[in-house]
file coords-v5.cif (mmCIF, C-alpha atoms)
data_target
#
loop_
_atom_site.label_atom_id
_atom_site.label_comp_id
_atom_site.auth_asym_id
_atom_site.auth_seq_id
_atom_site.Cartn_x
_atom_site.Cartn_y
_atom_site.Cartn_z
CA MET A 1 52.99 -56.55 -48.83
CA ALA A 2 52.49 -58.96 -45.92
CA ARG A 3 50.18 -61.30 -47.87
CA ASN A 4 52.94 -62.21 -50.35
CA ASN A 5 55.39 -63.12 -47.60
CA PRO A 6 55.72 -66.90 -47.03
CA ASN A 7 56.53 -66.32 -43.35
CA VAL A 8 53.27 -64.42 -42.91
CA ALA A 9 51.37 -67.21 -44.64
CA ALA A 10 52.90 -69.78 -42.28
CA LEU A 11 52.11 -67.64 -39.24
CA GLU A 12 48.53 -66.95 -40.32
CA GLN A 13 47.98 -70.69 -40.57
CA VAL A 14 49.60 -71.56 -37.24
CA TYR A 15 47.82 -68.76 -35.35
CA ALA A 16 44.47 -69.86 -36.81
CA ARG A 17 45.18 -73.40 -35.56
CA TRP A 18 46.40 -72.04 -32.18
CA SER A 19 43.06 -70.26 -31.76
CA GLU A 20 40.99 -73.16 -33.08
CA THR A 21 42.67 -75.72 -30.79
CA LYS A 22 42.78 -73.34 -27.77
CA GLY A 23 46.56 -73.72 -27.66
CA GLY A 24 46.53 -77.44 -28.35
CA CYS A 25 48.87 -77.35 -31.35
CA ALA A 26 52.19 -76.37 -29.77
CA ASP A 27 53.92 -78.94 -31.99
CA GLU A 28 52.84 -76.92 -35.05
CA VAL A 29 54.28 -73.74 -33.55
CA LEU A 30 57.50 -75.54 -32.61
CA ALA A 31 57.81 -76.81 -36.18
CA LEU A 32 58.40 -73.18 -37.25
CA PHE A 33 61.35 -72.82 -34.86
CA ASP A 34 64.97 -73.40 -35.71
CA GLU A 35 66.86 -75.67 -33.28
CA ARG A 36 68.71 -72.57 -32.03
CA VAL A 37 65.70 -70.30 -31.64
CA GLU A 38 65.92 -67.45 -29.14
CA MET A 39 62.47 -67.22 -27.54
CA ARG A 40 61.96 -64.35 -25.12
CA SER A 41 59.01 -63.12 -23.11
CA VAL A 42 58.26 -59.70 -21.70
CA LEU A 43 58.18 -61.55 -18.36
CA GLY A 44 61.48 -61.47 -16.55
CA GLY A 45 62.99 -64.72 -15.37
CA GLU A 46 62.48 -63.70 -11.73
CA LEU A 47 58.72 -64.39 -11.95
CA PRO A 48 57.64 -67.76 -10.55
CA SER A 49 56.69 -69.33 -13.87
CA GLU A 50 58.34 -71.59 -16.41
CA ILE A 51 57.02 -69.37 -19.20
CA ALA A 52 58.92 -66.32 -17.92
CA GLY A 53 62.37 -65.39 -19.15
CA SER A 54 64.31 -66.73 -22.11
CA HIS A 55 64.26 -70.08 -23.87
CA LEU A 56 67.30 -70.55 -26.07
CA SER A 57 66.53 -73.69 -28.06
CA ARG A 58 63.57 -75.51 -29.57
CA ASP A 59 63.70 -77.99 -26.67
CA GLN A 60 63.51 -75.17 -24.12
CA ALA A 61 60.66 -73.61 -26.11
CA ALA A 62 58.86 -76.97 -25.92
CA GLY A 63 59.15 -76.70 -22.12
CA TYR A 64 57.57 -73.24 -22.32
CA PHE A 65 54.58 -74.61 -24.25
CA ALA A 66 54.24 -77.60 -21.91
CA ALA A 67 54.12 -75.24 -18.90
CA LEU A 68 51.68 -72.93 -20.67
CA GLY A 69 49.28 -75.81 -21.35
CA ARG A 70 49.66 -77.18 -17.84
CA ASP A 71 49.23 -73.88 -15.99
CA TRP A 72 46.87 -71.90 -18.22
CA GLU A 73 43.59 -72.46 -20.06
CA MET A 74 43.06 -70.45 -23.23
CA ILE A 75 39.75 -68.61 -23.37
CA TYR A 76 40.34 -67.08 -26.81
CA PHE A 77 43.13 -65.93 -29.12
CA ASP A 78 42.59 -63.44 -31.94
CA ALA A 79 45.52 -62.73 -34.26
CA TYR A 80 44.09 -59.93 -36.35
CA GLN A 81 47.05 -58.22 -38.02
CA PHE A 82 50.41 -59.23 -39.47
CA VAL A 83 53.03 -56.66 -40.42
CA ALA A 84 56.06 -57.85 -42.36
CA ASP A 85 59.37 -56.42 -43.43
CA GLY A 86 61.40 -59.10 -45.15
CA ASP A 87 62.28 -61.80 -42.62
CA ASP A 88 60.66 -59.92 -39.72
CA VAL A 89 56.97 -60.39 -38.97
CA VAL A 90 54.88 -58.84 -36.20
CA MET A 91 51.60 -60.40 -35.12
CA ILE A 92 49.16 -58.03 -33.42
CA GLY A 93 46.26 -59.54 -31.57
CA ARG A 94 44.43 -60.07 -28.33
CA CYS A 95 43.99 -63.10 -26.10
CA ALA A 96 42.61 -64.25 -22.79
CA TRP A 97 43.83 -67.02 -20.52
CA ARG A 98 42.74 -68.43 -17.14
CA ASN A 99 45.31 -69.52 -14.60
CA ARG A 100 44.44 -73.09 -13.63
CA GLU A 101 45.66 -72.72 -10.04
CA THR A 102 44.20 -69.33 -9.10
CA GLY A 103 41.27 -69.14 -11.53
CA VAL A 104 42.27 -65.57 -12.39
CA GLU A 105 41.70 -64.53 -16.00
CA VAL A 106 44.02 -62.33 -18.04
CA ASP A 107 42.57 -60.56 -21.10
CA THR A 108 45.38 -58.71 -22.86
CA PRO A 109 46.67 -57.22 -26.07
CA LYS A 110 49.30 -59.55 -27.56
CA VAL A 111 52.20 -58.71 -29.84
CA ASP A 112 54.64 -61.33 -31.11
CA ILE A 113 57.77 -60.33 -33.00
CA TRP A 114 59.27 -63.03 -35.21
CA HIS A 115 62.52 -63.17 -37.17
CA PHE A 116 63.02 -65.88 -39.79
CA GLU A 117 66.13 -67.19 -41.50
CA ASN A 118 65.82 -69.73 -44.32
CA GLY A 119 62.16 -70.32 -43.48
CA ARG A 120 62.75 -71.04 -39.76
CA ALA A 121 62.10 -68.75 -36.80
CA THR A 122 65.39 -67.90 -35.13
CA ARG A 123 64.05 -65.19 -32.80
CA PHE A 124 60.67 -64.76 -31.14
CA PHE A 125 59.70 -62.08 -28.61
CA GLU A 126 56.24 -61.88 -27.03
CA LEU A 127 54.64 -58.89 -25.36
CA PHE A 128 51.46 -58.86 -23.27
CA ASP A 129 50.13 -57.40 -20.02
CA SER A 130 52.85 -58.57 -17.65
CA LEU A 131 51.27 -56.94 -14.56
CA ALA A 132 48.01 -58.83 -15.13
CA PHE A 133 50.03 -62.04 -15.52
CA ALA A 134 51.96 -61.39 -12.29
CA ARG A 135 48.69 -60.75 -10.45
CA ALA A 136 47.16 -63.95 -11.86
CA VAL A 137 50.00 -66.09 -10.53
CA GLY A 138 50.01 -64.29 -7.17
CA ALA A 139 53.42 -62.64 -7.66
CA VAL A 140 52.02 -59.18 -6.77
#
call {"tool": "encode", "arguments": {"input": "coords-v5.cif", "output": "structure tokens"}}
result
Amino acid sequence: MARNNPNVAALEQVYARWSETKGGCADEVLALFDERVEMRSVLGGELPSEIAGSHLSRDQAAGYFAALGRDWEMIYFDAYQFVADGDDVVMIGRCAWRNRETGVEVDTPKVDIWHFENGRATRFFELFDSLAFARAVGAV
């Protein structure tokens, strides 16, 4: 059961803080990551954004969160379900963000897939409405 999984408990806490602080607790998210985390986004690296593509260390992931906070304003984030199978946890939710440059809002389903080893996230993959994102940044 997901509730008995320590990785789920850690994620429930960090997602609650992420929502409460409107994305202002990136350091708490980064604290879950291993130094060698593989962080991937549904966005391909060809999109004109620092949050697109892959980030292959905690330092690169910190750059992702810095760019996210600089370029986007969180409207809301609702993490409403966690599904766990051992060291793998899936967060299912919904969120909305406003691009600070264009003013365009993106309201999207959000799925994050986490893999933990020894209590640290070693893989993270996020899925959301990539077409809405591309439109918000003027890429399409």
call {"tool": "closest_residue", "arguments": {"input": "coords-v5.cif", "among": "A:Arg120, A:Arg100, A:Arg17, A:Arg40", "to": "Ala79 of chain A", "atoms": "all atoms listed in the file"}}
result
A:Arg17
call {"tool": "residues_around", "arguments": {"input": "coords-v5.cif", "residues": "segment 53-60 of chain A", "least_positions_apart": "4", "cutoff": "9 Å", "atoms": "all atoms listed in the file", "output": "VMD selection string"}}
result
chain A and resid 30 to 31 33 to 47 49 64 to 65
call {"tool": "atom_distance", "arguments": {"input": "coords-v5.cif", "atom1": "atom CA of Ala136 of chain A", "atom2": "atom CA of Lys22 of chain A"}}
result
19.0 Å
call {"tool": "resolve_selection", "arguments": {"input": "coords-v5.cif", "expression": "the PyMOL selection byres ((chain A and resi 83-96) around 9)", "output": "ChimeraX atom specification"}}
result
/A:1-3,5,7-8,11-12,73-82,97-98,105-119,128
call {"tool": "closest_residue", "arguments": {"input": "coords-v5.cif", "among": "A:Glu126, A:Ala67, A:Ser19, A:Pro48", "to": "Val140 of chain A", "atoms": "all atoms listed in the file"}}
result
A:Pro48
call {"tool": "atom_distance", "arguments": {"input": "coords-v5.cif", "atom1": "atom CA of Cys25 of chain A", "atom2": "atom CA of Leu131 of chain A"}}
result
26.5 Å
call {"tool": "atom_distance", "arguments": {"input": "coords-v5.cif", "atom1": "atom CA of Asp27 of chain A", "atom2": "atom CA of Glu50 of chain A"}}
result
17.8 Å
call {"tool": "resolve_selection", "arguments": {"input": "coords-v5.cif", "expression": "the PyMOL selection byres ((chain A and resi 101) around 10)", "output": "list in words"}}
result
Arg70, Asp71, Trp72, Arg98, Asn99, Arg100, Thr102, Gly103, Val104, Ala136, Val137 and Gly138 of chain A
